[in-house]
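What's in query.tsv: TSV, C-alpha atoms
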```tsv
chain	number	residue	atom	x	y	z
D	1	MET	CA	-25.65	5.12	-2.68
D	2	ALA	CA	-24.92	1.74	-4.16
D	3	ASP	CA	-23.13	-1.14	-2.51
D	4	LEU	CA	-20.32	-2.55	-4.62
D	5	SER	CA	-18.98	-6.08	-4.45
D	6	PHE	CA	-15.43	-7.21	-5.18
D	7	SER	CA	-14.30	-10.80	-5.19
D	8	THR	CA	-11.24	-12.91	-5.70
D	9	GLU	CA	-10.38	-16.57	-5.49
D	10	LEU	CA	-7.45	-18.09	-3.63
D	11	ASN	CA	-6.02	-21.56	-3.31
D	12	TRP	CA	-3.61	-22.65	-0.54
D	13	SER	CA	-1.76	-25.92	-0.07
D	14	ASN	CA	0.43	-27.32	2.71
D	15	THR	CA	0.62	-26.28	6.35
D	16	GLY	CA	1.62	-22.88	7.77
D	17	ARG	CA	4.99	-21.55	6.74
D	18	ASN	CA	5.53	-24.51	4.40
D	19	GLY	CA	2.46	-23.56	2.43
D	20	GLU	CA	2.05	-21.75	-0.83
D	21	GLY	CA	-0.95	-20.17	-2.46
D	22	VAL	CA	-2.25	-18.60	-5.63
D	23	VAL	CA	-4.61	-15.64	-5.77
D	24	ARG	CA	-6.51	-14.80	-8.93
D	25	LEU	CA	-6.69	-11.04	-9.44
D	26	GLY	CA	-8.12	-9.44	-12.56
D	27	GLY	CA	-7.45	-12.48	-14.70
D	28	ASN	CA	-3.89	-12.90	-13.43
D	29	GLU	CA	-2.53	-15.46	-11.02
D	30	VAL	CA	-0.14	-14.34	-8.29
D	31	THR	CA	1.74	-16.84	-6.13
D	32	TYR	CA	2.13	-16.03	-2.44
D	33	SER	CA	3.64	-17.58	0.66
D	34	ALA	CA	5.02	-16.56	4.04
D	35	PRO	CA	8.15	-14.43	3.53
D	36	ASP	CA	11.68	-15.74	4.14
D	37	SER	CA	12.05	-13.25	7.00
D	38	MET	CA	9.19	-15.00	8.82
D	39	GLY	CA	10.50	-18.50	8.20
D	40	GLY	CA	8.35	-19.12	5.16
D	41	LYS	CA	9.05	-20.35	1.66
D	42	GLY	CA	9.50	-16.84	0.27
D	43	VAL	CA	7.83	-17.83	-2.99
D	44	GLY	CA	6.12	-15.07	-4.94
D	45	THR	CA	4.67	-12.25	-2.90
D	46	SER	CA	3.41	-12.37	0.69
D	47	PRO	CA	0.20	-11.34	2.45
D	48	GLU	CA	2.20	-8.49	3.98
D	49	GLU	CA	3.24	-7.20	0.54
D	50	LEU	CA	-0.32	-7.59	-0.73
D	51	LEU	CA	-1.61	-5.40	2.12
D	52	ILE	CA	1.05	-2.75	1.46
D	53	SER	CA	0.24	-2.88	-2.26
D	54	ALA	CA	-3.50	-2.48	-1.74
D	55	VAL	CA	-3.10	0.59	0.45
D	56	SER	CA	-0.40	2.09	-1.79
D	57	ALA	CA	-2.40	1.54	-4.98
D	58	CYS	CA	-5.37	3.39	-3.50
D	59	TYR	CA	-3.09	6.10	-2.12
D	60	SER	CA	-1.37	6.67	-5.48
D	61	ALA	CA	-4.64	7.18	-7.34
D	62	THR	CA	-6.05	9.38	-4.56
D	63	LEU	CA	-2.87	11.48	-4.44
D	64	PHE	CA	-2.91	12.03	-8.19
D	65	GLY	CA	-6.53	13.20	-7.98
D	66	VAL	CA	-5.80	15.52	-5.05
D	67	LEU	CA	-2.84	17.04	-6.91
D	68	ARG	CA	-4.95	17.67	-10.02
D	69	LYS	CA	-7.83	19.12	-7.98
D	70	SER	CA	-5.34	21.39	-6.17
D	71	GLU	CA	-3.98	22.47	-9.58
D	72	LEU	CA	-0.48	21.37	-8.62
D	73	PRO	CA	1.66	20.32	-11.60
D	74	VAL	CA	2.09	16.54	-11.85
D	75	ASP	CA	2.91	14.06	-14.63
D	76	ASP	CA	2.76	10.91	-12.53
D	77	VAL	CA	3.49	9.64	-9.03
D	78	THR	CA	5.61	6.80	-7.72
D	79	ILE	CA	4.93	5.47	-4.24
D	80	LYS	CA	7.66	3.92	-2.13
D	81	ALA	CA	5.97	2.00	0.67
D	82	GLU	CA	7.20	0.19	3.75
D	83	GLY	CA	5.30	-1.94	6.22
D	84	ILE	CA	6.59	-2.68	9.71
D	85	VAL	CA	5.62	-5.83	11.62
D	86	THR	CA	6.41	-5.74	15.32
D	87	GLY	CA	6.45	-8.42	18.03
D	88	TYR	CA	7.60	-11.23	15.74
D	89	PRO	CA	7.25	-14.17	16.24
D	90	LEU	CA	5.05	-14.49	19.33
D	91	GLN	CA	2.89	-11.37	19.12
D	92	SER	CA	3.17	-10.33	15.48
D	93	LYS	CA	1.30	-7.20	14.56
D	94	PHE	CA	1.32	-5.15	11.39
D	95	ALA	CA	2.13	-1.93	13.24
D	96	ARG	CA	3.04	0.74	10.70
D	97	LEU	CA	2.70	1.51	7.01
D	98	ILE	CA	4.62	4.43	5.51
D	99	VAL	CA	3.91	5.76	2.02
D	100	SER	CA	6.54	8.08	0.53
D	101	PRO	CA	5.48	9.68	-2.74
D	102	VAL	CA	7.75	10.81	-5.55
D	103	ILE	CA	5.88	13.40	-7.61
D	104	HIS	CA	7.14	13.67	-11.19
D	105	GLY	CA	6.55	16.89	-13.12
D	106	SER	CA	6.34	18.89	-9.90
D	107	VAL	CA	7.45	22.45	-9.10
D	108	GLN	CA	10.24	22.53	-6.51
D	109	ASN	CA	9.27	25.79	-4.81
D	110	ARG	CA	5.79	24.47	-3.92
D	111	ILE	CA	6.96	21.64	-1.62
D	112	GLU	CA	4.66	22.64	1.25
D	113	GLU	CA	1.61	22.42	-1.02
D	114	TYR	CA	2.71	18.98	-2.23
D	115	GLN	CA	3.22	17.84	1.36
D	116	ARG	CA	-0.28	19.00	2.31
D	117	ALA	CA	-1.69	17.19	-0.72
D	118	ALA	CA	0.17	14.01	0.29
D	119	THR	CA	-1.39	14.14	3.76
D	120	THR	CA	-4.85	14.91	2.36
D	121	ALA	CA	-4.58	11.91	0.05
D	122	ARG	CA	-3.68	9.67	3.00
D	123	ASP	CA	-6.77	10.88	4.84
D	124	LYS	CA	-9.04	10.40	1.80
D	125	CYS	CA	-7.80	7.01	0.53
D	126	PHE	CA	-10.62	4.65	1.46
D	127	ILE	CA	-8.42	1.53	1.60
D	128	GLY	CA	-6.09	3.42	3.96
D	129	LYS	CA	-9.08	4.40	6.10
D	130	THR	CA	-9.80	0.70	6.48
D	131	ILE	CA	-6.54	0.12	8.36
D	132	ALA	CA	-6.69	3.37	10.36
D	133	GLY	CA	-6.89	2.71	14.08
D	134	ASN	CA	-5.23	-0.69	13.65
D	135	VAL	CA	-2.08	0.32	11.78
D	136	ASP	CA	-0.12	3.56	12.13
D	137	TYR	CA	-0.54	4.86	8.56
D	138	GLN	CA	1.95	7.63	7.78
D	139	VAL	CA	3.18	9.78	4.93
D	140	GLY	CA	6.95	9.68	4.78
D	141	GLU	CA	9.21	11.97	2.78
D	142	VAL	CA	7.55	13.72	-0.15
D	143	GLU	CA	10.06	13.86	-3.00
D	144	LEU	CA	9.66	16.21	-5.95
D	145	ALA	CA	11.11	15.14	-9.29
```

With the file now loaded, output its structure as structure tokens.
Amino acid sequence: MADLSFSTELNWSNTGRNGEGVVRLGGNEVTYSAPDSMGGKGVGTSPEELLISAVSACYSATLFGVLRKSELPVDDVTIKAEGIVTGYPLQSKFARLIVSPVIHGSVQNRIEEYQRAATTARDKCFIGKTIAGNVDYQVGEVELA
């Protein structure tokens, strides 16, 4: 098995919640800062949203593969994701991440199979496995469309 390396470059200026940064991802620049809800500038995205996005991106691709392998009809998937931070501001912890898939091109009478596939994808997504044990990673409502 080969080891793979992934890299990115970030730049941050100013102190704490007054700061703002830029991350370079795949040739694109994305601005980030602490969110408004945490007393930050609320400019661009936030580290919290980046974490949710990383897990959800992996989950979406894994789910699509699981659905195809299970021979369940699917055109595409949309993931609604929510992250919950508890203990703010003194003991902040990213406590829970909930992914709720919407499966387009699905068959309504096979909901239980889609739900099993959604859970299997959560368990197989390697980015999601990275947070397991530290963050309660859940599958929310599975919606068929």

Checklist entry - Quick one: residues within 9 Å of region 37-49 of chain D, all atoms listed in the file counted, chain neighbours fewer than 3 positions away excluded, as a ChimeraX atom specification? => result /D:16-20,30-34,52-54,82-83,85,88-89,94

Next on the checklist: Please compute the CA of Glu143 (chain D)-CA of Thr86 (chain D) distance, one decimal, in Å.
Outcome noted: 27.1 Å

Next on the checklist: List the spatial neighbours of Leu144 (chain D) as a PyMOL selection string - criterion: any atom at most 10 Å away, all atoms listed in the file, same-chain residues fewer than 5 positions off excluded.
Outcome noted: chain D and resi 74+77+101-111+114-115

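Here CA of Tyr137 (chain D) and CA of Val99 (chain D) stand 8.0 Å from one another.
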
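The space separating CA of Val22 (chain D) from CA of Leu10 (chain D) comes to 5.6 Å.
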
12 Å contact set for Gly65 (chain D), all atoms listed in the file, chain neighbours under 4 positions out, as a compact mmCIF listing (two decimals) with C-alpha atoms, in the coordinates of the input:
```
# COMPACT_ATOMS: atom_id res chain seq x y z
CA CYS D 58 -5.37 3.39 -3.50
CA TYR D 59 -3.09 6.10 -2.12
CA SER D 60 -1.37 6.67 -5.48
CA ALA D 61 -4.64 7.18 -7.34
CA LYS D 69 -7.83 19.12 -7.98
CA SER D 70 -5.34 21.39 -6.17
CA GLU D 71 -3.98 22.47 -9.58
CA LEU D 72 -0.48 21.37 -8.62
CA PRO D 73 1.66 20.32 -11.60
CA VAL D 74 2.09 16.54 -11.85
CA ASP D 75 2.91 14.06 -14.63
CA ASP D 76 2.76 10.91 -12.53
CA VAL D 77 3.49 9.64 -9.03
CA ALA D 117 -1.69 17.19 -0.72
CA ALA D 118 0.17 14.01 0.29
CA THR D 120 -4.85 14.91 2.36
CA ALA D 121 -4.58 11.91 0.05
CA ARG D 122 -3.68 9.67 3.00
CA LYS D 124 -9.04 10.40 1.80
CA CYS D 125 -7.80 7.01 0.53
```
